[in-house]
Every structure is written in C-alpha cells, then in structure tokens.
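Pasting upload.txt here (compact mmCIF, C-alpha atoms):
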```txt
# COMPACT_ATOMS: atom_id res chain seq x y z
CA MET A 117 8.52 5.20 4.66
CA SER A 118 9.07 7.65 7.47
CA SER A 119 11.94 10.05 8.01
CA ASP A 120 12.25 11.27 11.57
CA ASP A 121 14.67 13.40 13.59
CA GLN A 122 16.92 14.52 10.78
CA THR A 123 20.13 16.50 11.14
CA LEU A 124 20.29 18.99 8.27
CA GLN A 125 23.19 21.38 7.95
CA ASN A 126 25.67 23.03 5.62
CA ASP A 127 29.12 21.45 5.75
CA ALA A 128 32.16 23.68 5.44
CA ALA A 129 34.71 22.91 2.76
CA ASP A 130 37.31 21.52 5.14
CA ALA A 131 35.39 20.53 8.27
CA SER A 132 31.84 19.92 9.38
CA PRO A 133 30.89 22.65 11.86
CA GLU A 134 28.57 21.96 14.73
CA VAL A 135 24.89 22.43 14.05
CA PRO A 136 23.79 25.74 15.67
CA GLN A 137 22.53 25.36 19.21
CA ASP A 138 19.03 26.49 18.24
CA SER A 139 18.78 24.28 15.14
CA PRO A 140 15.78 21.94 14.92
CA PHE A 141 18.09 19.38 13.32
CA ARG A 142 20.62 18.60 16.04
CA SER A 143 20.94 14.84 16.42
CA GLU A 144 21.31 14.97 20.20
CA ARG A 145 18.47 15.93 22.50
CA THR A 146 17.79 19.69 22.77
CA VAL A 147 15.12 21.97 24.16
CA ARG A 148 13.23 21.44 20.90
CA ASP A 149 12.50 17.90 22.03
CA GLU A 150 10.48 19.34 24.90
CA ALA A 151 8.09 21.07 22.50
CA GLN A 152 5.06 19.32 21.07
CA GLN A 153 6.20 17.24 18.12
CA PHE A 154 4.54 17.37 14.72
CA VAL A 155 4.92 15.49 11.45
CA LEU A 156 4.32 16.58 7.86
CA PRO A 157 2.20 13.87 6.18
CA LEU A 158 2.64 13.04 2.51
CA VAL A 159 0.52 10.46 0.70
CA VAL A 160 1.61 9.01 -2.63
CA ARG A 161 -1.02 7.52 -4.90
CA ILE A 162 -0.04 4.00 -5.95
CA GLU A 163 -2.70 2.22 -7.98
CA ARG A 164 -2.01 -1.44 -8.68
CA ALA A 165 -2.44 -1.06 -12.43
CA ALA A 166 -0.43 2.13 -12.81
CA PRO A 167 2.14 2.82 -10.09
CA PRO A 168 4.29 5.92 -10.56
CA ALA A 169 7.92 5.75 -11.63
CA ARG A 170 10.32 5.97 -8.71
CA THR A 171 12.27 9.07 -9.79
CA ASP A 172 9.08 10.95 -10.62
CA ALA A 173 7.64 10.07 -7.21
CA LEU A 174 10.75 11.39 -5.47
CA GLU A 175 10.72 14.63 -7.45
CA THR A 176 6.99 15.12 -6.94
CA ALA A 177 7.35 14.62 -3.18
CA ALA A 178 10.14 17.21 -3.05
CA ARG A 179 7.99 19.70 -4.96
CA ALA A 180 5.04 18.96 -2.66
CA VAL A 181 7.11 20.05 0.35
CA LEU A 182 8.04 23.28 -1.44
CA VAL A 183 4.43 23.91 -2.47
CA ILE A 184 3.15 23.77 1.09
CA LEU A 185 6.07 25.84 2.42
CA SER A 186 5.17 28.59 -0.05
CA ASP A 187 1.37 28.35 0.16
CA PRO A 188 -0.34 31.52 1.52
CA ARG A 189 -2.23 29.35 4.01
CA ALA A 190 1.10 28.25 5.49
CA THR A 191 2.65 31.69 5.91
CA GLY A 192 1.88 34.95 7.67
CA GLU A 193 -1.60 34.81 9.17
CA GLY A 194 -2.73 31.89 7.01
CA GLU A 195 -4.88 29.13 8.48
CA TRP A 196 -1.97 26.66 8.48
CA ALA A 197 0.71 29.15 9.51
CA GLN A 198 0.77 28.43 13.23
CA VAL A 199 1.03 24.67 12.88
CA MET A 200 3.72 25.11 10.23
CA ARG A 201 5.70 27.24 12.68
CA ASP A 202 5.14 24.76 15.48
CA TRP A 203 6.35 21.93 13.26
CA GLN A 204 9.53 23.78 12.33
CA ASP A 205 10.16 24.92 15.90
CA ALA A 206 10.47 21.31 17.05
CA ARG A 207 12.00 18.37 15.15
CA ILE A 208 11.41 18.22 11.42
CA ARG A 209 9.57 15.01 10.63
CA LYS A 210 8.03 13.84 7.37
CA VAL A 211 6.15 10.58 6.89
CA VAL A 212 5.15 9.16 3.52
CA ARG A 213 2.16 6.81 3.28
CA ARG A 214 0.56 5.17 0.27
CA ALA A 215 -3.04 5.07 -0.92
CA ARG A 216 -5.12 3.76 -3.78
CA GLY A 217 -8.76 3.80 -4.84
CA ALA A 218 -11.13 4.77 -2.06
CA GLU A 219 -8.21 5.41 0.30
CA TRP A 220 -6.89 8.07 -2.06
CA ARG A 221 -10.32 9.65 -2.46
CA ARG A 222 -10.68 9.91 1.32
CA ALA A 223 -7.24 11.48 1.57
CA GLU A 224 -8.14 13.99 -1.12
CA ALA A 225 -11.17 15.06 0.92
CA LEU A 226 -8.91 16.26 3.74
CA ASP A 227 -7.28 19.71 3.79
CA GLY A 228 -4.10 19.52 1.76
CA ILE A 229 -2.53 20.05 -1.64
CA THR A 230 -2.13 17.50 -4.43
CA VAL A 231 1.00 17.88 -6.55
CA THR A 232 1.15 16.01 -9.85
CA GLY A 233 4.26 14.90 -11.71
CA LYS A 234 4.62 12.97 -14.96
CA SER A 235 3.20 9.78 -13.46
CA ALA A 236 3.07 10.52 -9.74
CA GLU A 237 0.49 12.16 -7.51
CA VAL A 238 1.50 13.22 -4.01
CA ARG A 239 -0.80 14.94 -1.56
CA VAL A 240 0.80 16.95 1.24
CA PHE A 241 -1.06 17.97 4.37
CA PRO A 242 -0.44 20.57 7.07
CA PRO A 243 1.53 19.10 9.97
CA VAL A 244 -0.29 16.99 12.55
CA PRO A 245 0.72 15.97 16.08
CA LEU A 246 2.66 12.71 16.24
CA ASP A 247 -0.22 11.13 18.13
CA GLY A 248 -3.01 13.04 16.38
CA TRP A 249 -3.22 11.75 12.81
CA PRO A 250 -6.62 12.01 11.08
CA LYS A 251 -8.07 8.51 10.95
CA ASP A 252 -8.20 8.46 7.14
CA LEU A 253 -4.43 9.04 7.07
CA ALA A 254 -3.51 6.95 10.11
CA ARG A 255 -4.98 3.83 8.53
CA LEU A 256 -2.78 4.11 5.43
CA GLN A 257 0.23 1.83 5.01
CA VAL A 258 3.67 3.26 5.74
CA SER A 259 5.88 0.33 4.74
CA GLY A 260 5.93 -2.38 2.16
CA THR A 261 5.93 -0.23 -0.95
CA GLU A 262 8.63 -0.16 -3.59
CA LEU A 263 8.58 1.63 -6.91
CA ASP A 264 10.41 0.69 -10.08
CA ALA A 265 12.44 2.85 -12.41
CA PRO A 266 11.32 1.69 -15.88
CA GLU A 267 14.36 3.30 -17.48
CA PRO A 268 17.46 5.15 -16.28
CA PRO A 269 16.71 8.81 -15.53
CA ALA A 270 17.93 11.39 -18.01
CA ASP A 271 20.73 13.77 -17.12
CA PRO A 272 19.39 16.43 -14.74
CA ASP A 273 18.60 19.96 -15.87
CA LEU A 274 21.42 21.92 -14.29
CA THR A 275 19.59 25.24 -14.58
CA ALA A 276 17.46 23.98 -11.66
CA PRO A 277 18.52 22.40 -8.37
CA VAL A 278 19.50 18.76 -8.12
CA LEU A 279 18.91 16.75 -4.97
CA TRP A 280 21.72 14.20 -4.97
CA LEU A 281 21.08 10.93 -3.11
CA SER A 282 23.90 9.00 -1.51
CA PRO A 283 25.14 6.11 -3.69
CA ASP A 284 25.91 4.08 -0.55
CA LEU A 285 22.34 3.68 0.71
CA ASP A 286 19.52 1.31 -0.18
CA MET A 287 16.33 3.13 0.83
CA THR A 288 12.71 2.35 0.09
CA ALA A 289 10.84 4.72 -2.19
CA GLY A 290 9.02 6.25 0.77
CA LYS A 291 12.20 6.86 2.77
CA SER A 292 13.81 8.38 -0.32
CA MET A 293 10.77 10.61 -0.90
CA ALA A 294 11.00 11.93 2.65
CA GLN A 295 14.74 12.52 2.26
CA ALA A 296 14.22 14.39 -1.00
CA GLY A 297 11.63 16.53 0.79
CA HIS A 298 14.20 17.37 3.48
CA GLY A 299 16.72 18.39 0.82
CA ALA A 300 14.18 20.62 -0.91
CA GLN A 301 13.30 22.26 2.40
CA LEU A 302 16.94 22.97 3.15
CA ALA A 303 17.36 24.58 -0.26
CA TRP A 304 14.25 26.71 0.29
CA TRP A 305 15.58 28.02 3.59
CA GLU A 306 18.76 29.23 1.89
CA LEU A 307 16.98 31.53 -0.56
CA THR A 308 15.91 35.16 -0.50
CA ASP A 309 12.25 36.05 -0.93
CA GLU A 310 12.95 37.08 -4.51
CA GLN A 311 14.69 33.80 -5.33
CA ARG A 312 11.88 31.83 -3.72
CA ALA A 313 9.25 33.67 -5.76
CA GLU A 314 11.12 33.05 -9.02
CA TRP A 315 11.46 29.33 -8.29
CA ARG A 316 7.83 29.05 -7.18
CA ASP A 317 6.50 30.90 -10.23
CA ALA A 318 8.42 28.48 -12.47
CA GLY A 319 6.71 25.50 -10.81
CA PHE A 320 9.65 24.45 -8.62
CA PRO A 321 11.74 22.70 -11.30
CA LEU A 322 14.20 20.24 -9.75
CA SER A 323 15.75 16.83 -10.22
CA VAL A 324 16.48 13.94 -7.87
CA ARG A 325 19.38 11.74 -8.86
CA THR A 326 21.81 9.30 -7.23
CA ALA A 327 25.36 10.62 -7.21
CA ASP A 328 28.27 8.44 -8.22
CA THR A 329 30.84 7.72 -5.51
CA ASP A 330 33.45 10.31 -6.53
CA ARG A 331 30.81 12.98 -7.04
CA TRP A 332 29.26 12.23 -3.64
CA ALA A 333 32.57 12.73 -1.84
CA GLU A 334 32.96 16.14 -3.48
CA LEU A 335 29.37 17.19 -2.80
CA THR A 336 29.46 16.40 0.91
CA THR A 337 32.51 18.64 1.44
CA SER A 338 31.39 21.50 -0.80
CA GLY A 339 29.49 23.63 1.71
CA LEU A 340 26.14 22.81 0.10
CA PRO A 341 23.13 21.86 2.29
CA VAL A 342 23.41 18.27 3.52
CA VAL A 343 20.70 16.05 4.99
CA ARG A 344 21.95 13.78 7.77
CA ASP A 345 19.70 10.93 8.83
CA ALA A 346 19.62 10.09 12.53
CA GLY A 347 19.43 6.39 11.72
CA PHE A 348 16.16 5.50 13.43
CA THR A 349 14.56 3.81 10.40
CA GLU A 350 15.99 1.68 7.58
CA ILE A 351 19.55 3.03 7.50
CA ALA A 352 22.48 3.84 9.76
CA PRO A 353 23.11 7.47 10.71
CA GLY A 354 24.81 9.52 8.02
CA ASN A 355 24.49 11.79 5.02
CA THR A 356 21.62 11.03 2.66
CA VAL A 357 21.04 14.02 0.37
CA VAL A 358 22.99 17.04 -0.85
CA ALA A 359 21.08 19.94 -2.41
CA GLU A 360 22.97 21.51 -5.30
CA GLY A 361 21.58 24.75 -6.71
CA GLY A 362 20.87 25.35 -10.37
CA SER A 363 22.53 27.91 -12.60
CA HIS A 364 19.24 29.82 -12.84
CA PHE A 365 16.81 28.62 -10.16
CA CYS A 366 17.68 28.18 -6.48
CA PRO A 367 21.32 29.33 -6.45
CA LEU A 368 23.13 27.78 -3.49
CA PRO A 369 26.64 29.08 -2.77
CA ARG A 370 29.44 26.67 -1.98
CA ALA A 371 31.93 27.26 0.79
CA ARG A 372 35.06 29.08 -0.26
CA ARG A 373 38.17 26.99 -0.24
CA PRO A 374 41.40 28.49 1.12
```

As structure tokens, how would this structure be written, given the file I've shared?
Amino acid sequence: MSSDDQTLQNDAADASPEVPQDSPFRSERTVRDEAQQFVLPLVVRIERAAPPARTDALETAARAVLVILSDPRATGEGEWAQVMRDWQDARIRKVVRRARGAEWRRAEALDGITVTGKSAEVRVFPPVPLDGWPKDLARLQVSGTELDAPEPPADPDLTAPVLWLSPDLDMTAGKSMAQAGHGAQLAWWELTDEQRAEWRDAGFPLSVRTADTDRWAELTTSGLPVVRDAGFTEIAPGNTVVAEGGSHFCPLPRARRP
C-alpha cells in the first residue's frame, strides 16, 4: 500500500516534455536523492465489521493530503512547516497503512489530522524519515488489505476536480489511495492562493473514478497533471492518475492544441 518515487508532470498536447531538472519527481536519480528522504504516512481505519467503501476511501485519502498541505501548521512558520518542506524538497513518498480498534486509537493519539468521508476515516500525519517511523505507525500493516465497492460509483460532480485512474491497472486499495493523493497534490500545486482558499473553504470536493480506455487516452495527452509511477511496487512504470479540474473548483488548464 505504498507509493514511492513518483514521476508527476504535466504532459503537453502533442509530446511529453522532460520533467524539469529541479523536479522532485524525476524518475532517474537526481540531487534530490542525496537529501534526507521523508514519507507522508496515511492510516485508513478498517474495522472488520464495517470496512469503508473503496471509492470513498480513495476520495478521503486524496482530501487528507490536501488538508495537511493547507493546514496552518504545515505552512509558513507552522510547527510542521519545515518537515513538509523537507519532504517536498526530496522525493515525494506516501505510504498507506491500515488500523482497527486499539491500533486506530493509538494512531489517533499521535499528531495528525483525521479526515472523514461517507464511510471512510483516514488520518494523515506530518512526514517522517524513511527510517524514523513512530512505533505505533511502524507496526501497522501495509499490505494485505482490499476494499470492496458495494455498488458502482455515481457519475462524478464535474464542478469539482476528478482524479481519473488508469483503466489498465489492477492496484490494491492502499496503492490507489496513495496514487489519488499524488493526483490531488499535483492539482493543488497548479492553483493560485485564491483558488486554493476557495477549494479549501468548500471542503475540498473531488471525485476519484476509473476512466474508460478511450477517455484515458485523451486525458493523458491533454496537458493535465499526470501521475507516473516508477514501478517499484505492484505495477510496472507508467501513468496512473490524471487530475482534471472542475468547472468551478480547482480549474486546471489544458494544453493548447495547434
């Protein structure tokens, strides 16, 4: 349920430009690999009797990433600001673990933010060193969790952004949650302060859906933000998520076609 060393970029309409030399998302080794590496931990609550629905878990994880990016403690002179900068100055890593019962209560006692969806609860924590996880998080399971979709998701609300998952991939719920978080982060980086504030004040409305094959081909050549997985866990390298802006919240321009 981890998602490490991603390549995130905007693709041009007719060709995929190189990722900027100073990007934290280049797939090959860069100077950023020499910096201390951090990971953003997310913990999803999965009780045996009442596990969350898959789509809701993915959407809640994406919102959790946005919530911590916009939290006053994570910006400016806030208590989490330096570690958030350090995390984003190196590789961008997110790891999703699962908890229930006493495990969840211990996780809730640690500094972090719990974001609640319709059926899902996801707690996001400030980044930690790769080799410096708090023991109450390090002991949580990373793999072996799958979530069901009790019914097909409704059509997305197109006034808000949609994070489109590749139809060609079979990812665990945790891997998909991390990927959705990457897509939400890319969308956030594209916005002005005013646009960010409007989206935040509305509660970060968004949808996560799987694109159909024809739609996916169009999305990945549209100039919208694209998440590229480096292929270290679960799947081969390639595109995983495209972030499409909404008509009202989180507008994301497409590349102009000649």

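Minimum atom-to-atom distance to Pro272 in chain A, evaluated using all atoms listed in the file, belongs to A:Glu360 out of A:Pro243, A:Arg216, A:Glu360, A:Ser186.
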
Protein/DNA/RNA residues near (10.3, 17.0, -2.0), cut 8 Å, all atoms listed in the file, as number ranges by chain | A: 174-182, 293-301

Å distance separating CA of Leu285 in chain A from CA of Arg344 in chain A, one decimal place =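 Atom-to-atom, CA of Leu285 in chain A to CA of Arg344 in chain A, that is 12.3 Å.
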
What separation in Å, quoted to one decimal, exists between CA of Arg164 in chain A and CA of Lys291 in chain A?
->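 Value for the CA of Arg164 in chain A-CA of Lys291 in chain A distance: 20.0 Å.
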
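Between CA of Phe365 in chain A and CA of Glu193 in chain A the separation is 27.4 Å.
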
Using all atoms listed in the file, which residue out of A:Met287, A:Cys366, A:Leu335, A:Ala254 lies closest to Glu310 in chain A?
->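 Using all atoms listed in the file, Glu310 in chain A sits closest to A:Cys366.
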
Just need the box for range 323-339 of chain A, edges along x, y and z, holding every atom the file lists for it with 6 Å tacked onto each side, so centre and edge lengths in Å to one decimal, as JSON.
```
{"center_x": 24.6, "center_y": 15.7, "center_z": -4.3, "size_x": 29.7, "size_y": 27.9, "size_z": 23.9}
```

Could you tell me which of A:Val244, A:Val324, A:Leu158, A:Val357 comes closest to Gln198 in chain A if we count only C-alpha atoms?
->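 Among the listed residues, A:Val244 lies closest to Gln198 in chain A.
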
Leu368 in chain A environment, 12 Å, all atoms listed in the file, sequence neighbours closer than 3 positions dropped, as a PyMOL selection string | chain A and resi 126+275-279+300+302-308+311-312+338-342+358-365+371

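When all atoms listed in the file are used to measure the gap to Asp187 in chain A, the shortest distance among A:Val258, A:Ala265, A:Ile229, A:Ile208 belongs to A:Ile229.
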
Do you know which residues are at most 10 Å from Gly217 in chain A counting only C-alpha atoms, after dropping those on the same chain fewer than 6 positions away, and could you put them as a short mmCIF file (atom, residue, chain, number, x, y, z; two decimals) with C-alpha atoms, keeping the file's coordinate frame?
```cif
data_model
loop_
_atom_site.label_atom_id
_atom_site.label_comp_id
_atom_site.auth_asym_id
_atom_site.auth_seq_id
_atom_site.Cartn_x
_atom_site.Cartn_y
_atom_site.Cartn_z
CA ARG A 161 -1.02 7.52 -4.90
CA ILE A 162 -0.04 4.00 -5.95
CA GLU A 163 -2.70 2.22 -7.98
CA ARG A 164 -2.01 -1.44 -8.68
#
```

Name the closest residue to Lys251 in chain A among the candidates A:Val238, A:Ala190, A:Ala223, A:Ala197; distances are taken between atoms, counting all atoms listed in the file.
-> A:Ala223

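Distances here use all atoms listed in the file; by that measure, the residue among A:Ala151, A:Ala165, A:Ala313, A:Leu256 closest to Trp220 in chain A is A:Leu256.
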
Near range 235-237 of chain A, counting all atoms listed in the file, which residues have an atom at most 6 Å away, once you skip same-chain residues fewer than 5 positions from it, shown as a list in words?
->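 The filter keeps Val160, Arg161, Pro168 and Ala173 of chain A.
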
Please provide the set of residues having any atom within 10 Å of Asp284 in chain A, restricted to all atoms listed in the file, with same-chain residues fewer than 3 positions apart removed, written as a ChimeraX atom specification.
-> /A:281,287,326-329,332,355-356

Neighbours of Asp264 in chain A within 10 Å (only C-alpha atoms; same-chain residues fewer than 6 positions away dropped), as a list in words?
->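 These residues fall inside the cut-off: Pro167, Pro168, Ala169, Arg170, Thr171 and Ala289 of chain A.
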